[in-house]
Protein chains: 6
Amino acid sequence: MFMHSKRLQYTVRVGETNPALASLLLEQFGGADGELAAAMRYFTQGLAEDDPGRKDMLLDIATEELSHLEVIGSIVAMLNKGIKAQLSEAALAEADLYRSLNAGGDSHTQSLLFAGGPSLTNSSGVPWTAAYVDSRGEPTCDLRSNIAAESRAKMIYERLINITDDPGIKEALGFLMTREIAHQKSFEKALYAITDNFPPGKLMGIAPFADMYVNTSQGEGDAAGPWNTGAQWERIDDLEEVMPADDGDGAATVKLSRSETAMAGKATERLQSDPAADPQTGADLGAGRITGGEDKGTAPDVSNADKTKVGA
Amino acid sequence: MFMHSKRLQYTVRVGETNPALASLLLEQFGGADGELAAAMRYFTQGLAEDDPGRKDMLLDIATEELSHLEVIGSIVAMLNKGIKAQLSEAALAEADLYRSLNAGGDSHTQSLLFAGGPSLTNSSGVPWTAAYVDSRGEPTCDLRSNIAAESRAKMIYERLINITDDPGIKEALGFLMTREIAHQKSFEKALYAITDNFPPGKLMGIAPFADMYVNTSQGEGDAAGPWNTGAQWERIDDLEEVMPADDGDGAATVKLSRSETAMAGKATERLQSDPAADPQTGADLGAGRITGGEDKGTAPDVSNADKTKVGA
Amino acid sequence: MFMHSKRLQYTVRVGETNPALASLLLEQFGGADGELAAAMRYFTQGLAEDDPGRKDMLLDIATEELSHLEVIGSIVAMLNKGIKAQLSEAALAEADLYRSLNAGGDSHTQSLLFAGGPSLTNSSGVPWTAAYVDSRGEPTCDLRSNIAAESRAKMIYERLINITDDPGIKEALGFLMTREIAHQKSFEKALYAITDNFPPGKLMGIAPFADMYVNTSQGEGDAAGPWNTGAQWERIDDLEEVMPADDGDGAATVKLSRSETAMAGKATERLQSDPAADPQTGADLGAGRITGGEDKGTAPDVSNADKTKVGA
Amino acid sequence: MFMHSKRLQYTVRVGETNPALASLLLEQFGGADGELAAAMRYFTQGLAEDDPGRKDMLLDIATEELSHLEVIGSIVAMLNKGIKAQLSEAALAEADLYRSLNAGGDSHTQSLLFAGGPSLTNSSGVPWTAAYVDSRGEPTCDLRSNIAAESRAKMIYERLINITDDPGIKEALGFLMTREIAHQKSFEKALYAITDNFPPGKLMGIAPFADMYVNTSQGEGDAAGPWNTGAQWERIDDLEEVMPADDGDGAATVKLSRSETAMAGKATERLQSDPAADPQTGADLGAGRITGGEDKGTAPDVSNADKTKVGA
Amino acid sequence: MFMHSKRLQYTVRVGETNPALASLLLEQFGGADGELAAAMRYFTQGLAEDDPGRKDMLLDIATEELSHLEVIGSIVAMLNKGIKAQLSEAALAEADLYRSLNAGGDSHTQSLLFAGGPSLTNSSGVPWTAAYVDSRGEPTCDLRSNIAAESRAKMIYERLINITDDPGIKEALGFLMTREIAHQKSFEKALYAITDNFPPGKLMGIAPFADMYVNTSQGEGDAAGPWNTGAQWERIDDLEEVMPADDGDGAATVKLSRSETAMAGKATERLQSDPAADPQTGADLGAGRITGGEDKGTAPDVSNADKTKVGA
Amino acid sequence: MFMHSKRLQYTVRVGETNPALASLLLEQFGGADGELAAAMRYFTQGLAEDDPGRKDMLLDIATEELSHLEVIGSIVAMLNKGIKAQLSEAALAEADLYRSLNAGGDSHTQSLLFAGGPSLTNSSGVPWTAAYVDSRGEPTCDLRSNIAAESRAKMIYERLINITDDPGIKEALGFLMTREIAHQKSFEKALYAITDNFPPGKLMGIAPFADMYVNTSQGEGDAAGPWNTGAQWERIDDLEEVMPADDGDGAATVKLSRSETAMAGKATERLQSDPAADPQTGADLGAGRITGGEDKGTAPDVSNADKTKVGA
């Protein structure tokens with residue numbers, strides 16, 4: 001069961017109102033790497049976790065992320081306190097209010113639709129979606145997702161810190177960013193406290209394919225690194241070798257029943273195209289080629305560049 | 001520039017048609033951890049990457065994931081080949097086709113809307129969204145996201161292998177699953193080839209907050225582990241200590257201009273509630289309490305359980 | 001700041017595992033009227049609310065809804081505990097696991113993607129979206145939205161109670177449903193504690209249009225009721241009277257600058273159609289009407305019904 | 001069956017083109033509280049409604065909302081008439097067109113993608129989604145949702161009126177806003193014409209829980225009001241009393257079959273963590289702590305603030 | 001299987017960085033008519049296509065569209081190269097970075113969330129969704145969708161060309177636009193190479209309804225054209241004639257079983273409204289009409305316009 | 001302005017209730033090619049159209065599509081009339097209701113969330129989104145989109161007809177399907193009534209690229225057809241020729257300012273990887289390779305297939 005204290009986890013002191021900055025900060029309120037995503041990622045994992053230690057940790061951190069959601073949301077509410085009152089009381093002339101709304105970012109929608117309240121959207125106004133939550137119910141996989149998520153959230157806070165010069169906000173963002181570092185460390189410990197955590201899950205994979213590196217992108221820029229070179233890797237540069245990787249013919253087949261075969265044949269026949277024909281088309285009609293009208297011609301240059309290689 | 005060979009990266013041999021299984025396999029075609037998500041995650045990173053080695057690796061793996069998308073899509077197309085022809089040619093009586101469509105999973109939509117073609121939806125029919133792509137433009141963060149993504153994809157393949165008894169499909173899924181393991185290994189190497197990769201990004205965080213573990217979830221089940229205990233952690237059990245974590249009062253404040261203050265006051269006044277009143281409400285009207293009608297009463301039991309603790 | 005106790009707000013006693021029922025219960029976990037939507041609706045309002053009484057109430061109820069999210073999520077986790085272990089350990093033969101997954105609802109995706117963990121989707125697998133949250137930052141409006149939201153949530157719980165025969169689940173759902181009733185009563189009190197709450201907001205509207213009822217749907221079935229009849233209503237049955245409702249001509253116009261007018265003219269000219277022509281079309285080509293081929297004819301009956309009225 | 005008259009329900013007279021204002025007005029065309037949402041909410045209810053009076057009302061109002069959709073869409077089309085022609089005819093130099101597109105709001109997408117036609121997006125460019133439609137098929141619930149929806153729509157119109165100084169647009173918006181007031185009054189009458197409308201639906205709830213107010217958010221700011229205080233409320237300040245609210249132990253349990261128990265045990269064993277270990281982690285590797293390299297250190301200040309309370 | 005060459009299909013030479021222009025160009029990277037949508041439309045069709053000629057064509061064009069995705073994404077990456085480095089290294093003072101981020105379009109989110117990497121969103125930041133892909137598994141239908149899609153993509157490129165004055169970008173966009181024209185021509189040829197392609201699919205339709213034009217929108221502005229006038233059309237101006245179009249009564253009915261009828265009756269009775277009542281409502285309470293308080297009055301003018309027609 | 005007649009455009013006579021069939025029919029109510037998508041596509045085009053003839057046609061057809069939405073929605077409402085009453089009145093035992101809900105398709109969500117009312121979702125429960133509406137504000141493009149959309153809608157109706165044996169529903173679906181054919185014919189006439197309609201828009205494209213066919217997918221299965229062969233096509237089989245298609249080097253470049261160059265260098269340096277290193281990784285830790293523990297080994301076979309080609 002959750003409880004709430006009226007005190008924030010970090011004091012919020014905003015120097016002056018600024019709806020456009022508020023709109024950017026929403027990235028960490030209702031954005032992909034924001035605090036709701038974090039809280040829900042760990043909360044859903046925690047409910048289904050059977051290991052008592054990890055369950056405890058997941059609920060600890062989920063709960064703290066809700067407190068972070070409250071901190072960032074409170075900053076947004078403070079930054080919008082001016083525009084909210086001005087808009088609700090029609091305190092400025094229309095043209096002035098209109099200009100205030102268009103101050104930057106997507107602050108216009110924040111003002112119009114949410115009256116400056118913190119909304120669960122990202123900085124472009126896209127509503128939060130649970131598609132951001134990548135809990136999969138297997139700790140050797142989920143803990144890696146959590147590590148990655150903390151590291152993404154850390155980056156967004158770093159960027160927000162870089163663009164904010166209000167010292168009170170900067171300080172609170174610094175706190176929130178640092179907590180993501182701490183959480184990442186906890187998740188790392190929890191992952192490696194599972195002795196056998198790689199590969200994740202239970203199946204080991206098919207041996208030769210696990211050490212093969214397929215150099216599918218070729219040309220100037222091909223490079224070697226520990227990710228494709230060294231004793232552990234079989235690097236494939238000749239792609240013919242893996243088209244296919246097994247000893248088959250690289251085709252897709254299915255065994256159809258007799259009636260399925262018959263039906264498939266009917267469909268094929270109905271829809272067959274005549275590769276030898278040169279049929280007149282709607283585009284021919286549209287370009288005046290069928291009715292005998294003058295051909296519209298094709299393709300005057302859209303630029304002055306010299307295009308000599310093709311068709312020269 | 002991309003090129004395509006007509007041969008698949010792994011030969012697809014499907015034993016018999018089965019649209020319901022096809023519908024489940026879509027999880028790896030158009031689902032959150034499917035091959036399109038993988039390909040697009042690495043492709044978008046690769047385009048923006050400046051480091052030549054990582055750029056090469058990202059484009060190699062992105063391209064291979066497109067080939068995997070082709071393999072899994074080809075399996076789906078084979079499994080649906082029967083229902084596709086039957087539905088397009090109306091080969092069965094209506095009631096029989098209707099039953100075929102409802103064979104399981106979300107195969108009904110796959111048949112109706114996509115005629116059995118592989119569709120970019122997950123196994124519940126939810127369209128693929130770029131919200132699944134968590135590239136953030138910082139390698140120390142993106143490589144962790146890639147490691148996590150590979151580990152999620154590996155798990156979904158493992159589950160699909162566990163429910164499939166068609167040997168041809170099982171084998172192809174085993175190949176695809178193993179390649180995710182190989183890719184994870186490459187991304188791990190690339191991450192650790194950046195010497196200073198933790199914390200991700202450039203800012204280090206505020207020292208004391210990086211080692212603090214806040215025990216926000218308390219009660220029977222509290223547990224100790226390397227994620228919250230040991231020399232590196234300052235564990236906070238007394239939450240009062242971090243409400244707030246700074247030396248402020250835990251409140252949110254903003255400095256308003258004089259006119260903003262005036263406007264905020266107007267809004268407050270217009271909307272003030274009278275805490276001492278006990279107003280009649282719409283619910284009172286609806287429950288017959290205002291018009292003097294007989295009270296509908298409240299709350300007969302919905303079960304036979306004995307509820308004695310509260311209100312006994 | 002949030003805190004968490006390991007005890008649930010209501011004890012969850014599930015009689016036996018059942019992933020298909022779990023899938024239906026997700027409607028109240030990650031669905032439109034589920035507990036996350038409720039918690040987030042009140043939490044975002046609470047952060048931006050200036051009235052101390054309402055702010056306190058909103059945070060009280062938001063916090064309780066998070067506890068409800070925990071209860072419903074715990075039921076889901078219990079119902080899925082069997083399939084989760086079977087799938088992760090491959091404990092059943094493939095065909096048996098496959099059948100278990102297709103037990104009903106969208107339990108297949110829940111198992112495959114989330115391994116039975118409670119996921120933030122509705123009962124059809126659609127991810128939760130903040131589009132469900134209709135907070136608008138004006139209490140005379142938001143409180144009405146809250147009343148409506150509680151009444152929707154109450155209905156979904158009622159339906160879930162009607163289809164569940166597990167007494168432990170039924171009892172917990174009964175608790176949750178009843179709390180929605182209590183919350184609705186609180187929001188009603190809060191709304192009517194604002195003396196002037198109708199119309200919501202500050203502007204009153206233009207007098208004659210506020211009492212006009214426009215009978216736009218006509219024919220057998222036209223009915224009178226207090227919503228369109230009586231002293232307070234001016235009912236318009238002759239639609240000509242309100243086409244338009246003002247004294248204009250019902251057209252849409254804009255004053256264009258001279259250059260805008262010139263440009264608009266150019267576009268019109270470029271795209272003008274010749275209403276007198278009877279051009280040949282792509283469909284004509286496709287139906288064999290241009291090349292002189294035999295007309296495919298049109299429209300044999302798709303049923304045996306007698307269609308005499310039109311075209312007889 | 002629907003019919004359409006070429007005359008609008010309200011004459012649209014726009015003073016001059018302004019794509020940025022058009023972009024804001026889209027909130028009521030394709031936004032959450034816009035006219036399409038309104039029309040579809042009542043139309044879907046009307047189709048399923050059995051009560052003849054309510055069915056008639058719902059279709060009347062749904063039809064009128066479609067006419068409002070036409071009015072607001074026509075305003076948008078007029079405001080965009082200049083940019084549309086300029087862009088389609090390339091009437092301005094590139095740099096000038098580019099500047100015109102970036103005039104404010106999300107007018108850039110409106111121009112690029114929709115060429116200034118009214119699009120079913122909100123003012124941030126988010127496509128309309130049926131997730132906005134909260135019809136639930138129970139009139140005592142749906143009518144409350146309708147009341148709330150009208151009140152939200154009224155607010156957005158009020159805000160748009162406050163930022164618009166074009167008299168023709170302001171007047172039309174005033175008409176539309178007032179009609180929302182009228183519709184709210186109709187829905188109120190329809191709700192209270194159902195004698196027993198509270199609680200919505202059929203089940204009454206479990207008595208003691210319907211009058212309980214749980215004070216989950218505590219601290220300075222706790223307040224009393226008619227929503228939590230008075231004869232009808234049992235207010236719980238000691239949260240221990242409701243953890244849990246029943247007489248159980250507040251835990252979640254499920255009865256597993258013998259084989260389910262065995263499987264769950266296997267999974268637990270495979271994934272157990274060693275709480276006593278202090279494993280080395282990827283983050284340790286990344287921070288140089290394993291290889292013996294110099295520790296990157298932690299956490300230089302990101303601000304100049306004095307952080308003395310924690311860790312002092 | 002896919003392969004990749006490090007050389008682009010068209011050389012990208014960007015004159016100077018410009019994140020706001022990058023943000024607009026995303027329309028063709030991750031927008032509705034962008035290159036990913038094109039590639040996936042043809043790729044999914046190609047996998048399921050049985051006709052060898054069309055299958056080959058679809059995979060040819062799908063692969064080329066992936067190469068176009070790479071070209072447009074590379075332009076975006078170049079345009080963002082400045083802001084990316086500045087933000088990641090905090091190279092500018094906060095206020096300057098803040099201003100850079102708000103340069104126009106939705107470049108703020110592109111910078112914050114994606115660090116200037118090409119993201120799969122449209123120019124308003126809306127994530128790409130597979131809802132854009134309209135493949136339906138029937139070539140006489142899909143080829144028409146492909147023709148339309150190419151024509152939409154051509155238009156967006158044309159608009160982007162019109163607003164860009166960087167010659168290198170303009171030239172590359174001209175190449176991409178022209179390729180859409182070529183693809184449209186291929187799809188046209190493929191459509192008309194199927195002799196009987198209209199109506200699409202197999203069923204012909206019911207004769208009289210296929211030639212009927214229903215003039216549902218009437219009034220000043222009614223017009224004649226080849227789409228509703230001429231020998232092939234039966235034009236219906238008297239709508240009574242098609243209400244309904246069959247010889248029934250235009251009502252919707254279903255045969256209910258005896259128990260269904262009984263149940264429906266119960267629901268009706270429970271929810272019946274009393275059309276003769278004039279119940280007091282929540283709005284009455286809110287406007288002070290029940291408690292005897294002074295009526296708030298209604299509807300002062302929001303504008304100075306003279307509203308005489310209605311209610312005069 | 002819209003008006004509504006209580007009579008449907010086609011009489012709906014449903015033989016018996018069937019919620020699972022209702023769920024499938026939703027594809028044409030709230031699905032991608034359903035009637036709302038059709039109505040909104042033409043309505044938004046009509047509002048912005050300046051050509052009087054096309055404007056009239058678009059509003060005629062948009063209005064008729066709304067009437068079709070009503071017909072298909074009425075069928076759904078009839079099919080669900082039984083389950084709606086049973087669920088709302090709890091008329092069946094829990095287990096029986098539970099079974100009724102799981103009858104097929106996604107009828108479970110339709111019942112639970114919408115109580116059988118027609119909902120704006122597709123047959124998988126995915127909410128309708130305006131992303132389906134592809135109006136682009138240029139008639140030579142939009143009319144092609146309309147032609148394609150009609151042809152998709154025709155196909156879905158054809159498939160629904162093929163699976164329905166209720167004669168009343170089949171007949172109504174036949175009517176609706178045929179009207180799509182008629183609408184397609186109108187849009188074809190309107191397209192070809194614009195003399196110069198190809199290429200769409202105003203720019204013609206760059207000549208050589210408009211006739212080039214790039215054979216990007218090669219191997220067994222390469223085919224010739226009128227789409228890539230013949231006088232009008234320059235077919236490129238040697239891909240080197242178009243890598244790149246211009247005379248550049250196929251690389252992406254941008255001119256950076258001096259300070260941008262400096263910053264980019266800093267970022268590169270901070271994030272450089274050491275390609276010569278073979279760093280230990282988190283996966284190595286997880287597989288027990290660092291601590292000297294026994295290697296977990298790799299990759300036992302997941303199948304019995306003989307994998308000899310790779311790694312043999």
# chains A, B, ... in the order shown; residues from 1 in each chain; ligands from 1
>>> select_by_dssp(residues="segment 60-285 of chain C", states="strand (DSSP E or B)", output="list in words")
Thr121, Pro127, Thr129, Met212, Tyr213, Val214, Ser217, Gln218, Glu234, Arg235, Ile236, Ala252, Thr253 and Val254 of chain C
>>> interface_residues(of="chain D", to="chain A", cutoff="9 Å", atoms="only C-alpha atoms", output="MDAnalysis selection string")
chainID D and resid 20:21 24 27 31:33 104:106 122:126 155:156 158:165 215:222 239 243:244 264 268 270:284 299 301:305
>>> atom_distance(atom1="atom CA of Lys266 of chain B", atom2="atom CA of Thr229 of chain D")
27.2 Å
>>> atom_distance(atom1="atom CA of Glu150 of chain F", atom2="atom CA of Met212 of chain E")
15.4 Å
>>> residues_around(residues="Glu180 of chain F", least_positions_apart="6", cutoff="8 Å", atoms="only C-alpha atoms", output="number ranges by chain")
F: 150-151, 153-154
>>> write_last_selection(atoms="N, CA and C atoms", output="compact mmCIF listing (two decimals), in the first residue's frame")
# COMPACT_ATOMS: atom_id res chain seq x y z
N GLU F 150 -11.09 3.40 -51.23
CA GLU F 150 -12.33 2.72 -51.59
C GLU F 150 -12.05 1.27 -51.96
N SER F 151 -10.92 1.09 -52.61
CA SER F 151 -10.65 -0.27 -53.04
C SER F 151 -10.26 -1.15 -51.85
N ALA F 153 -11.51 -0.68 -48.75
CA ALA F 153 -12.77 -0.91 -48.03
C ALA F 153 -13.61 -1.97 -48.74
N LYS F 154 -13.58 -1.92 -50.06
CA LYS F 154 -14.32 -2.94 -50.82
C LYS F 154 -13.84 -4.34 -50.46
>>> select_by_dssp(residues="segment 101-235 of chain A", states="helix (DSSP H, G or I)", output="VMD selection string")
chain A and resid 101 107 to 114 130 to 132 139 to 163 167 to 192 207 to 210
>>> residues_around(residues="segment 12-15 of chain C", least_positions_apart="3", cutoff="8 Å", atoms="only C-alpha atoms", output="list in words")
Val71, Ser74, Ile75, Met78, Leu79, Asp166, Pro167, Gly168, Ile169 and Ala172 of chain C; Gly250, Ala251, Ala252, Thr253, Val254 and Lys255 of chain D
>>> decode(residues="segment 68-97 of chain A", atoms="N, CA and C atoms", output="CSV table (one decimal), in the first residue's frame")
chain,number,residue,atom,x,y,z
A,68,HIS,N,10.0,11.1,-7.5
A,68,HIS,CA,10.7,11.9,-8.5
A,68,HIS,C,9.7,12.5,-9.5
A,69,LEU,N,8.7,11.7,-9.9
A,69,LEU,CA,7.6,12.2,-10.7
A,69,LEU,C,7.0,13.5,-10.1
A,70,GLU,N,6.9,13.4,-8.8
A,70,GLU,CA,6.3,14.5,-8.1
A,70,GLU,C,7.2,15.7,-8.1
A,71,VAL,N,8.5,15.5,-8.0
A,71,VAL,CA,9.4,16.7,-8.0
A,71,VAL,C,9.4,17.3,-9.4
A,72,ILE,N,9.5,16.6,-10.4
A,72,ILE,CA,9.6,17.2,-11.7
A,72,ILE,C,8.3,17.8,-12.1
A,73,GLY,N,7.2,17.2,-11.7
A,73,GLY,CA,5.8,17.7,-11.9
A,73,GLY,C,5.6,19.0,-11.2
A,74,SER,N,6.2,19.1,-10.0
A,74,SER,CA,6.1,20.4,-9.2
A,74,SER,C,6.9,21.5,-9.9
A,75,ILE,N,8.0,21.2,-10.4
A,75,ILE,CA,8.8,22.2,-11.1
A,75,ILE,C,7.9,22.7,-12.3
A,76,VAL,N,7.4,21.8,-13.1
A,76,VAL,CA,6.5,22.2,-14.2
A,76,VAL,C,5.4,23.1,-13.7
A,77,ALA,N,4.7,22.7,-12.7
A,77,ALA,CA,3.6,23.5,-12.2
A,77,ALA,C,4.0,24.9,-11.8
A,78,MET,N,5.2,25.0,-11.1
A,78,MET,CA,5.7,26.3,-10.7
A,78,MET,C,6.0,27.2,-12.0
A,79,LEU,N,6.6,26.6,-13.0
A,79,LEU,CA,7.0,27.4,-14.2
A,79,LEU,C,5.8,27.9,-14.9
A,80,ASN,N,4.7,27.2,-14.8
A,80,ASN,CA,3.5,27.5,-15.5
A,80,ASN,C,2.5,28.3,-14.7
A,81,LYS,N,2.8,28.7,-13.5
A,81,LYS,CA,1.9,29.3,-12.6
A,81,LYS,C,1.4,30.7,-13.2
A,82,GLY,N,2.3,31.4,-13.9
A,82,GLY,CA,1.9,32.6,-14.4
A,82,GLY,C,0.9,32.5,-15.6
A,83,ILE,N,1.3,31.7,-16.6
A,83,ILE,CA,0.4,31.6,-17.7
A,83,ILE,C,-0.9,31.0,-17.4
A,84,LYS,N,-0.9,30.1,-16.4
A,84,LYS,CA,-2.2,29.5,-16.0
A,84,LYS,C,-3.2,30.5,-15.5
A,85,ALA,N,-2.7,31.4,-14.6
A,85,ALA,CA,-3.7,32.4,-14.1
A,85,ALA,C,-4.0,33.4,-15.1
A,86,GLN,N,-3.1,33.8,-16.0
A,86,GLN,CA,-3.4,34.8,-17.0
A,86,GLN,C,-4.4,34.2,-18.0
A,87,LEU,N,-4.3,33.0,-18.3
A,87,LEU,CA,-5.2,32.4,-19.3
A,87,LEU,C,-6.6,32.2,-18.7
A,88,SER,N,-6.6,31.7,-17.5
A,88,SER,CA,-7.9,31.4,-16.9
A,88,SER,C,-8.7,32.6,-16.6
A,89,GLU,N,-8.0,33.7,-16.2
A,89,GLU,CA,-8.7,34.9,-15.9
A,89,GLU,C,-8.7,35.9,-17.0
A,90,ALA,N,-8.2,35.5,-18.2
A,90,ALA,CA,-8.1,36.4,-19.3
A,90,ALA,C,-7.5,37.7,-18.9
A,91,ALA,N,-6.3,37.6,-18.3
A,91,ALA,CA,-5.7,38.8,-17.7
A,91,ALA,C,-4.9,39.7,-18.6
A,92,LEU,N,-4.6,39.1,-19.8
A,92,LEU,CA,-3.9,39.9,-20.8
A,92,LEU,C,-4.8,40.1,-22.0
A,93,ALA,N,-4.5,41.1,-22.8
A,93,ALA,CA,-5.2,41.3,-24.0
A,93,ALA,C,-4.9,40.1,-24.9
A,94,GLU,N,-5.9,39.8,-25.8
A,94,GLU,CA,-5.8,38.6,-26.6
A,94,GLU,C,-4.5,38.4,-27.3
A,95,ALA,N,-4.0,39.5,-27.9
A,95,ALA,CA,-2.8,39.3,-28.7
A,95,ALA,C,-1.6,39.0,-27.8
A,96,ASP,N,-1.6,39.5,-26.6
A,96,ASP,CA,-0.5,39.3,-25.7
A,96,ASP,C,-0.6,37.8,-25.2
A,97,LEU,N,-1.7,37.4,-24.8
A,97,LEU,CA,-1.9,36.0,-24.4
A,97,LEU,C,-1.4,35.0,-25.5
